[in-house]
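**Student:** Sharing run-v8.txt, compact mmCIF, C-alpha atoms and all ligand atoms:
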# COMPACT_ATOMS: atom_id res chain seq x y z
CA MET A 1 16.18 -1.53 25.98
CA LYS A 2 14.39 -0.03 28.95
CA PRO A 3 14.06 -2.44 31.89
CA GLU A 4 10.46 -2.87 32.92
CA ILE A 5 10.43 -5.87 35.24
CA LEU A 6 12.22 -5.73 38.56
CA VAL A 7 13.31 -9.13 39.89
CA ILE A 8 14.26 -8.83 43.56
CA GLY A 9 16.69 -11.59 44.51
CA ALA A 10 17.66 -12.11 40.84
CA THR A 11 20.73 -14.18 41.74
CA GLY A 12 18.85 -16.38 44.20
CA LYS A 13 17.32 -19.81 43.69
CA THR A 14 13.95 -18.60 42.41
CA GLY A 15 14.94 -15.12 41.19
CA LYS A 16 17.60 -16.35 38.78
CA ARG A 17 15.12 -18.74 37.19
CA VAL A 18 12.52 -15.99 36.81
CA ALA A 19 15.06 -13.51 35.38
CA ARG A 20 16.43 -16.08 32.90
CA ARG A 21 12.97 -16.92 31.61
CA LEU A 22 12.06 -13.26 31.11
CA GLU A 23 15.40 -12.49 29.43
CA ALA A 24 15.01 -15.51 27.13
CA ARG A 25 11.82 -13.87 25.85
CA GLY A 26 13.77 -10.73 25.04
CA LEU A 27 12.26 -8.79 27.91
CA ALA A 28 14.36 -6.27 29.78
CA VAL A 29 14.82 -7.13 33.42
CA ARG A 30 16.28 -5.08 36.22
CA HIS A 31 18.10 -7.28 38.73
CA GLY A 32 17.29 -6.20 42.28
CA THR A 33 20.13 -7.38 44.52
CA ARG A 34 22.59 -5.63 46.79
CA GLY A 35 25.33 -6.01 44.17
CA SER A 36 23.30 -4.89 41.11
CA GLY A 37 24.23 -1.82 39.03
CA ILE A 38 21.20 -0.11 40.55
CA PRO A 39 21.34 -1.81 43.97
CA PHE A 40 18.29 -2.94 45.90
CA ASP A 41 18.66 -3.69 49.60
CA TRP A 42 15.73 -4.66 51.83
CA GLU A 43 17.67 -3.19 54.74
CA ALA A 44 18.22 0.17 53.01
CA PRO A 45 14.85 1.69 52.00
CA ALA A 46 16.74 4.58 50.39
CA THR A 47 17.70 2.16 47.56
CA TRP A 48 14.10 1.26 46.69
CA ALA A 49 12.99 4.34 44.69
CA ALA A 50 15.81 4.10 42.13
CA ALA A 51 15.27 0.34 41.74
CA LEU A 52 11.52 0.83 41.21
CA GLU A 53 11.80 3.79 38.83
CA GLY A 54 10.33 3.00 35.41
CA MET A 55 9.22 -0.52 36.41
CA THR A 56 5.76 -1.82 35.54
CA SER A 57 6.02 -5.19 37.32
CA ALA A 58 8.07 -6.82 40.05
CA TYR A 59 8.86 -10.34 41.25
CA VAL A 60 9.44 -9.96 44.96
CA THR A 61 11.41 -12.36 47.15
CA TYR A 62 11.98 -11.15 50.68
CA MET A 63 15.19 -11.99 52.46
CA PRO A 64 15.74 -13.52 54.91
CA ASP A 65 12.11 -14.64 55.28
CA LEU A 66 8.59 -13.17 55.48
CA ALA A 67 8.30 -14.84 58.90
CA VAL A 68 10.89 -12.58 60.56
CA PRO A 69 9.22 -10.13 62.98
CA SER A 70 10.37 -7.02 61.07
CA ALA A 71 9.07 -8.20 57.67
CA GLN A 72 5.58 -6.73 57.98
CA ASP A 73 6.85 -3.17 58.44
CA VAL A 74 9.35 -3.58 55.62
CA ILE A 75 6.75 -5.00 53.21
CA ALA A 76 4.31 -2.20 54.13
CA GLY A 77 7.01 0.37 53.34
CA PHE A 78 7.93 -1.35 50.10
CA VAL A 79 4.31 -1.58 48.90
CA LYS A 80 3.87 2.13 49.56
CA ALA A 81 7.07 2.89 47.63
CA ALA A 82 5.93 0.65 44.75
CA GLU A 83 2.53 2.35 44.53
CA GLY A 84 4.22 5.75 44.62
CA ALA A 85 6.62 4.73 41.84
CA GLY A 86 3.72 3.70 39.57
CA LEU A 87 4.33 -0.06 39.70
CA LYS A 88 1.31 -1.89 38.36
CA ARG A 89 1.86 -5.59 39.12
CA LEU A 90 3.56 -7.46 41.96
CA VAL A 91 4.16 -11.21 42.27
CA LEU A 92 5.13 -12.11 45.85
CA LEU A 93 7.05 -15.25 46.82
CA SER A 94 5.57 -16.36 50.13
CA GLN A 95 5.21 -19.83 51.68
CA ARG A 96 2.51 -22.27 52.84
CA ASN A 97 0.66 -22.04 56.15
CA GLU A 98 2.85 -19.47 57.87
CA PRO A 99 0.83 -16.85 59.80
CA ARG A 100 3.54 -14.16 59.79
CA ALA A 101 4.05 -14.58 56.03
CA GLN A 102 0.26 -14.40 55.62
CA ALA A 103 0.25 -11.06 57.45
CA CYS A 104 2.72 -9.78 54.83
CA GLU A 105 0.52 -11.20 52.07
CA GLN A 106 -2.41 -9.27 53.55
CA ILE A 107 -0.49 -6.00 53.13
CA VAL A 108 0.09 -6.78 49.44
CA LYS A 109 -3.55 -7.81 48.98
CA ALA A 110 -4.75 -4.51 50.47
CA SER A 111 -2.64 -2.49 48.01
CA ALA A 112 -3.65 -0.83 44.75
CA LEU A 113 -1.36 -3.21 42.83
CA GLU A 114 -2.35 -6.15 40.65
CA TRP A 115 -1.06 -8.89 42.95
CA THR A 116 -0.42 -12.61 42.76
CA ILE A 117 0.82 -14.59 45.77
CA LEU A 118 2.95 -17.73 45.40
CA GLN A 119 2.95 -20.17 48.29
CA PRO A 120 5.45 -22.90 47.43
CA SER A 121 6.17 -25.96 49.53
CA TRP A 122 9.76 -26.91 50.47
CA PHE A 123 12.18 -26.46 47.59
CA MET A 124 13.72 -29.60 46.04
CA GLN A 125 16.67 -27.36 45.22
CA ASN A 126 17.44 -26.95 48.94
CA PHE A 127 19.39 -30.19 48.34
CA SER A 128 21.21 -29.05 45.19
CA GLU A 129 21.64 -25.28 45.57
CA GLY A 130 20.50 -24.38 49.07
CA GLY A 131 21.10 -25.04 52.73
CA PHE A 132 21.32 -28.85 52.49
CA LEU A 133 23.80 -29.03 49.57
CA GLU A 134 26.84 -29.17 51.82
CA SER A 135 25.46 -32.04 53.88
CA VAL A 136 24.53 -34.02 50.75
CA LEU A 137 28.13 -33.60 49.58
CA GLU A 138 29.37 -34.71 52.99
CA GLY A 139 27.14 -37.82 52.89
CA GLU A 140 25.08 -37.16 56.03
CA VAL A 141 21.89 -35.08 56.01
CA SER A 142 20.02 -34.22 59.19
CA ALA A 143 17.00 -32.02 59.89
CA PRO A 144 14.45 -31.44 62.67
CA ASP A 145 11.63 -33.16 60.76
CA SER A 146 8.66 -34.91 62.34
CA GLY A 147 8.61 -37.83 59.91
CA ALA A 148 5.81 -36.09 58.02
CA LYS A 149 5.74 -36.23 54.25
CA GLU A 150 6.36 -33.08 52.22
CA PRO A 151 5.20 -32.35 48.64
CA TRP A 152 8.63 -30.94 47.62
CA VAL A 153 8.42 -28.44 44.77
CA ASP A 154 10.78 -27.96 41.83
CA LEU A 155 11.81 -24.31 41.47
CA ASP A 156 11.47 -24.51 37.70
CA ASP A 157 7.74 -24.97 38.36
CA VAL A 158 7.66 -22.02 40.77
CA ALA A 159 9.48 -19.84 38.21
CA ASP A 160 7.06 -20.88 35.44
CA VAL A 161 4.12 -19.73 37.58
CA ALA A 162 5.88 -16.47 38.50
CA VAL A 163 6.53 -15.65 34.84
CA ALA A 164 2.94 -16.43 33.86
CA ALA A 165 1.69 -14.17 36.66
CA LEU A 166 4.04 -11.37 35.58
CA LEU A 167 3.21 -11.53 31.87
CA GLU A 168 -0.28 -12.96 31.42
CA ASP A 169 -3.74 -11.77 32.29
CA GLY A 170 -5.87 -13.91 34.56
CA HIS A 171 -3.54 -14.37 37.54
CA THR A 172 -4.30 -11.14 39.37
CA GLY A 173 -5.87 -11.73 42.78
CA GLN A 174 -4.81 -15.40 42.82
CA VAL A 175 -3.04 -17.20 45.67
CA TYR A 176 -1.23 -20.18 44.19
CA GLU A 177 -0.18 -22.90 46.61
CA ILE A 178 2.50 -24.56 44.47
CA THR A 179 3.67 -28.06 45.37
CA GLY A 180 4.97 -31.18 43.74
CA SER A 181 2.77 -34.25 43.68
CA ASP A 182 5.28 -36.71 45.23
CA LEU A 183 4.82 -36.86 48.99
CA LEU A 184 8.17 -37.84 50.50
CA THR A 185 9.62 -37.65 53.98
CA PHE A 186 13.03 -36.03 54.35
CA GLU A 187 14.53 -39.51 54.64
CA GLU A 188 12.79 -40.71 51.46
CA ALA A 189 13.91 -37.61 49.55
CA VAL A 190 17.52 -38.17 50.61
CA ALA A 191 17.23 -41.86 49.62
CA ARG A 192 16.07 -40.81 46.11
CA ILE A 193 19.13 -38.61 45.74
CA ALA A 194 21.32 -41.51 46.88
CA ASP A 195 19.69 -43.80 44.27
CA VAL A 196 20.16 -41.32 41.44
CA THR A 197 23.71 -40.31 42.29
CA GLY A 198 25.05 -43.61 43.62
CA ARG A 199 26.39 -41.67 46.63
CA ALA A 200 26.36 -43.22 50.10
CA LEU A 201 23.94 -40.91 51.93
CA THR A 202 22.52 -41.26 55.42
CA TYR A 203 19.65 -39.36 56.99
CA LYS A 204 19.11 -38.57 60.66
CA THR A 205 16.26 -36.72 62.39
CA ILE A 206 17.66 -34.36 65.00
CA THR A 207 16.09 -32.03 67.56
CA PRO A 208 15.56 -28.34 66.72
CA LYS A 209 18.25 -27.56 69.33
CA ALA A 210 20.79 -29.86 67.64
CA PHE A 211 19.88 -28.36 64.26
CA GLU A 212 20.42 -24.90 65.73
CA GLU A 213 23.90 -26.00 66.82
CA THR A 214 24.76 -27.20 63.31
CA LEU A 215 23.70 -23.79 61.97
CA VAL A 216 25.90 -21.97 64.50
CA ALA A 217 28.79 -24.27 63.53
CA ALA A 218 28.12 -23.31 59.88
CA GLY A 219 28.50 -19.62 60.71
CA PHE A 220 24.97 -18.43 61.62
CA GLY A 221 24.62 -15.95 64.47
CA GLU A 222 22.89 -17.46 67.53
CA THR A 223 19.64 -15.50 67.11
CA ASP A 224 19.41 -16.32 63.38
CA ALA A 225 20.20 -19.99 64.06
CA GLU A 226 17.43 -20.23 66.68
CA PHE A 227 14.95 -18.52 64.33
CA VAL A 228 15.79 -20.79 61.37
CA ALA A 229 15.76 -23.98 63.47
CA THR A 230 12.35 -23.11 64.92
CA LEU A 231 10.95 -22.13 61.51
CA VAL A 232 12.22 -25.31 59.82
CA SER A 233 10.82 -27.57 62.53
CA GLU A 234 7.45 -25.77 62.33
CA ILE A 235 7.37 -26.13 58.53
CA LEU A 236 8.14 -29.85 58.84
CA ASP A 237 5.63 -30.57 61.64
CA GLY A 238 3.11 -32.23 59.34
CA LYS A 239 0.76 -29.33 58.58
CA ASN A 240 2.04 -29.21 54.99
CA ALA A 241 1.85 -32.95 54.35
CA SER A 242 -0.53 -32.71 51.41
CA PRO A 243 -0.12 -31.63 47.80
CA SER A 244 -1.97 -28.63 46.42
CA ASP A 245 -3.09 -27.63 42.93
CA GLY A 246 -1.66 -24.11 42.47
CA LEU A 247 0.59 -25.12 39.59
CA GLN A 248 -2.20 -27.01 37.86
CA ARG A 249 -4.58 -24.03 38.27
CA ALA A 250 -2.02 -21.52 37.01
CA LEU A 251 -0.49 -23.46 34.14
CA GLY A 252 -2.80 -26.39 33.40
CA ARG A 253 -0.02 -28.96 33.70
CA GLN A 254 1.36 -31.40 36.25
CA PRO A 255 4.39 -30.60 38.45
CA ARG A 256 7.85 -32.07 37.89
CA SER A 257 8.61 -35.12 40.02
CA PHE A 258 11.34 -35.46 42.63
CA LEU A 259 13.01 -38.06 40.40
CA GLU A 260 13.08 -35.64 37.45
CA PHE A 261 14.61 -32.99 39.73
CA ALA A 262 17.26 -35.37 41.08
CA GLN A 263 18.21 -36.62 37.62
CA ALA A 264 18.48 -33.07 36.26
CA ALA A 265 20.55 -31.85 39.22
CA HIS A 266 22.82 -34.90 38.94
CA SER A 267 23.31 -34.34 35.18
CA ALA A 268 24.07 -30.66 35.83
CA GLY A 269 26.87 -31.71 38.19
CA CYS A 270 25.32 -30.19 41.33
CA TRP A 271 26.54 -33.08 43.50
CA GLN A 272 30.02 -33.61 42.10
N1 LIG B 301 13.80 -22.75 50.96
C1 LIG B 301 12.54 -23.15 50.88
O1 LIG B 301 12.25 -24.35 50.85
C2 LIG B 301 11.45 -22.11 50.79
C3 LIG B 301 10.12 -22.52 50.67
C4 LIG B 301 9.12 -21.56 50.53
C5 LIG B 301 9.45 -20.21 50.51
N2 LIG B 301 10.76 -19.83 50.64
C6 LIG B 301 11.09 -18.40 50.62
O2 LIG B 301 12.06 -18.11 49.62
C7 LIG B 301 12.71 -16.89 49.96
C8 LIG B 301 14.15 -17.03 49.60
O3 LIG B 301 14.21 -17.05 48.20
P1 LIG B 301 15.38 -17.76 47.41
O4 LIG B 301 15.53 -19.15 47.98
O5 LIG B 301 15.13 -17.60 45.96
O6 LIG B 301 16.60 -16.89 47.88
P2 LIG B 301 18.11 -17.24 47.89
O7 LIG B 301 18.43 -18.35 46.94
O8 LIG B 301 18.54 -17.37 49.32
O9 LIG B 301 18.73 -15.91 47.27
C9 LIG B 301 18.78 -14.72 47.92
C10 LIG B 301 18.71 -13.59 46.86
O10 LIG B 301 18.33 -12.39 47.54
C11 LIG B 301 19.36 -11.42 47.47
N3 LIG B 301 19.42 -10.76 48.75
C12 LIG B 301 19.89 -11.25 49.93
N4 LIG B 301 19.77 -10.34 50.89
C13 LIG B 301 19.20 -9.25 50.32
C14 LIG B 301 18.82 -7.96 50.81
N5 LIG B 301 19.02 -7.60 52.07
N6 LIG B 301 18.24 -7.11 49.95
C15 LIG B 301 18.06 -7.45 48.66
N7 LIG B 301 18.39 -8.65 48.13
C16 LIG B 301 18.96 -9.53 48.97
C17 LIG B 301 20.60 -12.19 47.08
O11 LIG B 301 21.48 -11.37 46.34
P3 LIG B 301 22.63 -10.51 47.03
O12 LIG B 301 23.19 -11.35 48.14
O13 LIG B 301 23.58 -10.28 45.91
O14 LIG B 301 21.98 -9.25 47.51
C18 LIG B 301 20.02 -13.30 46.19
O15 LIG B 301 19.76 -12.80 44.89
C19 LIG B 301 12.45 -16.62 51.42
O16 LIG B 301 11.57 -15.53 51.55
C20 LIG B 301 11.77 -17.93 51.88
O17 LIG B 301 10.80 -17.74 52.86
C21 LIG B 301 11.76 -20.74 50.77
Represent the structure of the file as C-alpha cells.

**Tutor:**
Amino acid sequence: MKPEILVIGATGKTGKRVARRLEARGLAVRHGTRGSGIPFDWEAPATWAAALEGMTSAYVTYMPDLAVPSAQDVIAGFVKAAEGAGLKRLVLLSQRNEPRAQACEQIVKASALEWTILQPSWFMQNFSEGGFLESVLEGEVSAPDSGAKEPWVDLDDVADVAVAALLEDGHTGQVYEITGSDLLTFEEAVARIADVTGRALTYKTITPKAFEETLVAAGFGETDAEFVATLVSEILDGKNASPSDGLQRALGRQPRSFLEFAQAAHSAGCWQ
C-alpha cells in the first residue's frame, strides 16, 4: 500500500494517536520521525523532500515548540517544501494564545495548502505520558502556575479532530481551539489523580526560576530550561482559563472529562 498521509511526530503523544486512528481505518501512513525508515528531522531540511514525496496530507507537530525563535523560518521552509512536493492538505498542531505560534500559523494560512489549525489547551496526558509523569510517580508535583484554572484537554479528543481534518471535507480554513470542559487548577488536577489512583500526591506552586532548576536537574540544558520554564509560566498565567468550543464545532460532541482521562490512564497502568 502506498503511504499517503505523513504524520510528523508519529511516536509522540499526539502523533501516535493520529497514526493509530488512520491505520485502524486501513489507511497507509508514513511515520515522520528521526528514527523512521524514511527519516524526517526538523533540524535537517535535506530529509524533508523524501518524507513528503507521494504524500497528499500531513499532520504536523513541530518539535520542540512553535514558540522557539527559529520556528518561523523552519515552518516557512517546510511549507515551501510541502507545496513543491504537491502536498494538498496540512493539519498543524499549535497552541492557544501564543503570539510566536500564531506567527507560524500565519505562514501556514498564507500557503496554497488546505490548512486546519489545532490550538489545544494543556494536555491531560502531560501527567501520564509527558513531562509531569515522573513527579506524579514520585508523589510530589510542582509547577510555576498562577493558581488559574486550565481547561485540560484529552489527547484522544485532539487526535479525533486531527483525523477528521485530515480525512473529511469541511475543516479547511478552520482554527479549532480544543479544550476540555472541566476547569481545574494544577492543584485540583493533581488531587483528582490522587483520588483515582489512591496515591499520596502533593502539589506545590514554585517560581519559574525554581522550575527551571528542576528542569536542569532533570537533564535540560540551561537555555532550554529557561525557555521551557518561561513558556510554562506564561501558559499558566490565567489567559487560558476558559474553555473553548473547537471540539464541539469540529465533531459535534462534548470533550472527555478529566475524571475519564484519569480513570483510563490508571486502568492502562500509566501510574504503576
Ligand atoms: N504539552 C502540552 O500541554 C501542549 C499543549 C499544546 C500544544 N503542545 C505542542 O505539542 C507539540 C509536541 O507534541 P507532542 O506532545 O505530541 O510531542 P512529543 O510527545 O514530545 O513527541 C515528540 C515526537 O516528535 C519527534 N521528534 C522529536 N524531535 C524531532 C525532530 N527534530 N524532527 C522530527 N521529529 C522529531 C519524536 O520522535 P523521534 O524522537 O523519534 O524523532 C516524537 O515522535 C509541541 O509543538 C507543543 O507546543 C503541547

**Student:** Let me have all residues with an atom within 6 Å of ligand LIG 301 (chain B), counting only C-alpha atoms and all ligand atoms, laid out as number ranges by chain.

**Tutor:** A: 9-15, 33-35, 40-43, 61-66, 94-95, 120-123, 126

**Student:** Could you write out that same residue set with C-alpha atoms as a compact mmCIF listing (two decimals), in the coordinates of the input?

**Tutor:**
# COMPACT_ATOMS: atom_id res chain seq x y z
CA GLY A 9 16.69 -11.59 44.51
CA ALA A 10 17.66 -12.11 40.84
CA THR A 11 20.73 -14.18 41.74
CA GLY A 12 18.85 -16.38 44.20
CA LYS A 13 17.32 -19.81 43.69
CA THR A 14 13.95 -18.60 42.41
CA GLY A 15 14.94 -15.12 41.19
CA THR A 33 20.13 -7.38 44.52
CA ARG A 34 22.59 -5.63 46.79
CA GLY A 35 25.33 -6.01 44.17
CA PHE A 40 18.29 -2.94 45.90
CA ASP A 41 18.66 -3.69 49.60
CA TRP A 42 15.73 -4.66 51.83
CA GLU A 43 17.67 -3.19 54.74
CA THR A 61 11.41 -12.36 47.15
CA TYR A 62 11.98 -11.15 50.68
CA MET A 63 15.19 -11.99 52.46
CA PRO A 64 15.74 -13.52 54.91
CA ASP A 65 12.11 -14.64 55.28
CA LEU A 66 8.59 -13.17 55.48
CA SER A 94 5.57 -16.36 50.13
CA GLN A 95 5.21 -19.83 51.68
CA PRO A 120 5.45 -22.90 47.43
CA SER A 121 6.17 -25.96 49.53
CA TRP A 122 9.76 -26.91 50.47
CA PHE A 123 12.18 -26.46 47.59
CA ASN A 126 17.44 -26.95 48.94

**Student:** Between A:Glu129, A:Lys204, A:Leu118, A:Ile107, which has the minimum distance to A:Lys16 (counting all atoms listed in the file)?

**Tutor:**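 Answer, going by the shortest atom-to-atom distance: A:Glu129.
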
**Student:** Let me make sure I understand: among A:Thr116, A:Ser111, A:Val163, A:Leu184, which one has the smallest atom-to-atom distance to A:Val29 if we use all atoms listed in the file?

**Tutor:** A:Val163

**Student:** Rounded to one decimal place, report the atom CA of A:Gly180-atom CA of A:Leu155 distance in Å.

**Tutor:**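 Atom-to-atom, atom CA of A:Gly180 to atom CA of A:Leu155, that is 10.0 Å.
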
**Student:** May I ask for the distance between atom CA of A:Asp245 and atom CA of A:Thr179, given in Å to one decimal place?

**Tutor:** 7.2 Å

**Student:** What's the separation between atom CA of A:Arg89 and atom CA of A:Thr172, in Å to one decimal place?

**Tutor:**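 Between atom CA of A:Arg89 and atom CA of A:Thr172 the gap is 8.3 Å.
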
**Student:** Using all atoms listed in the file, which of the listed residues (A:Gly238, A:Gly246, A:Gly173, A:Gly32) sits closest to A:Val161?

**Tutor:** A:Gly246

**Student:** Using only C-alpha atoms, pick whichever of A:Arg100, A:Arg17, A:Leu6, A:Gln106 has the shortest atom-to-atom distance to A:Ala58.

**Tutor:**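 Once distances to A:Ala58 are computed over only C-alpha atoms, the minimum belongs to A:Leu6.
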
**Student:** Which residues are near A:Ser244? Cut-off 10 Å, only C-alpha atoms, ignore same chain within fewer than 3 positions. Put them as a compact mmCIF listing (two decimals) with C-alpha atoms, in the coordinates of the input.

**Tutor:**
# COMPACT_ATOMS: atom_id res chain seq x y z
CA GLN A 119 2.95 -20.17 48.29
CA PRO A 120 5.45 -22.90 47.43
CA SER A 121 6.17 -25.96 49.53
CA PRO A 151 5.20 -32.35 48.64
CA TYR A 176 -1.23 -20.18 44.19
CA GLU A 177 -0.18 -22.90 46.61
CA ILE A 178 2.50 -24.56 44.47
CA THR A 179 3.67 -28.06 45.37
CA GLY A 180 4.97 -31.18 43.74
CA SER A 181 2.77 -34.25 43.68
CA ASN A 240 2.04 -29.21 54.99
CA ALA A 241 1.85 -32.95 54.35
CA LEU A 247 0.59 -25.12 39.59
CA GLN A 248 -2.20 -27.01 37.86
CA ARG A 249 -4.58 -24.03 38.27

**Student:** Go through A:Phe211, A:Phe227, A:Phe132, A:Phe220 and flag the residue nearest A:Phe186, using all atoms listed in the file for the distances.

**Tutor:**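 Using all atoms listed in the file, the shortest distance to A:Phe186 belongs to A:Phe132.
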
**Student:** Could you work out an axis-aligned box for stretch 125-143 of chain A, taking every atom the file lists and adding 3 Å on each side, and report centre and edge lengths in Å to one decimal, as lines of an AutoDock Vina configuration file?

**Tutor:**
center_x = 23.0
center_y = -31.1
center_z = 52.5
size_x = 18.7
size_y = 19.4
size_z = 20.7

**Student:** Which residues come within 10 Å of A:Ala268, counting all atoms listed in the file, excluding same-chain residues fewer than 5 positions away, as an NGL selection string?

**Tutor:** :A and (128 or 262-263)

**Student:** My list of candidates is A:Lys239, A:Gln272, A:Val153, A:Phe258. Which is closest to A:Thr197 when distances are computed with only C-alpha atoms?

**Tutor:**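 The answer is A:Gln272, which sits nearest to A:Thr197.
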
**Student:** May I have the protein, DNA and RNA residues with any atom at most 8 Å from the point (7.7, -3.2, 39.3), counting all atoms listed in the file, written as a PyMOL selection string?

**Tutor:** chain A and resi 4-6+52+54-59+82+86-90

**Student:** Skipping near chain neighbours, those fewer than 6 positions away, what residues fall within 10 Å of A:Gly84 using all atoms listed in the file, listed as a PyMOL selection string?

**Tutor:** chain A and resi 49+52-53+78

**Student:** Can you tell me, as a list in words, what residues are no more than 12 Å from A:Thr223 when counting all atoms listed in the file, ignoring any on the same chain fewer than 5 positions away?

**Tutor:**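 That gives Val68, Glu212, Glu213, Leu215, Val216, Val228, Ala229 and Thr230 of chain A.
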
**Student:** What would the file look like if the residues just selected were written as a PDB file, in the coordinates of the input with C-alpha atoms?

**Tutor:**
ATOM      1  CA  VAL A  68      10.890 -12.580  60.560  1.00  0.00           C
ATOM      2  CA  GLU A 212      20.420 -24.900  65.730  1.00  0.00           C
ATOM      3  CA  GLU A 213      23.900 -26.000  66.820  1.00  0.00           C
ATOM      4  CA  LEU A 215      23.700 -23.790  61.970  1.00  0.00           C
ATOM      5  CA  VAL A 216      25.900 -21.970  64.500  1.00  0.00           C
ATOM      6  CA  VAL A 228      15.790 -20.790  61.370  1.00  0.00           C
ATOM      7  CA  ALA A 229      15.760 -23.980  63.470  1.00  0.00           C
ATOM      8  CA  THR A 230      12.350 -23.110  64.920  1.00  0.00           C
TER       9      THR A 230
END

**Student:** Which neighbours of A:Gly147 fall inside 9 Å, counting only C-alpha atoms, when residues of the same chain fewer than 5 positions from it are skipped, and could you give them as a PyMOL selection string?

**Tutor:** chain A and resi 185-187+205+236-238
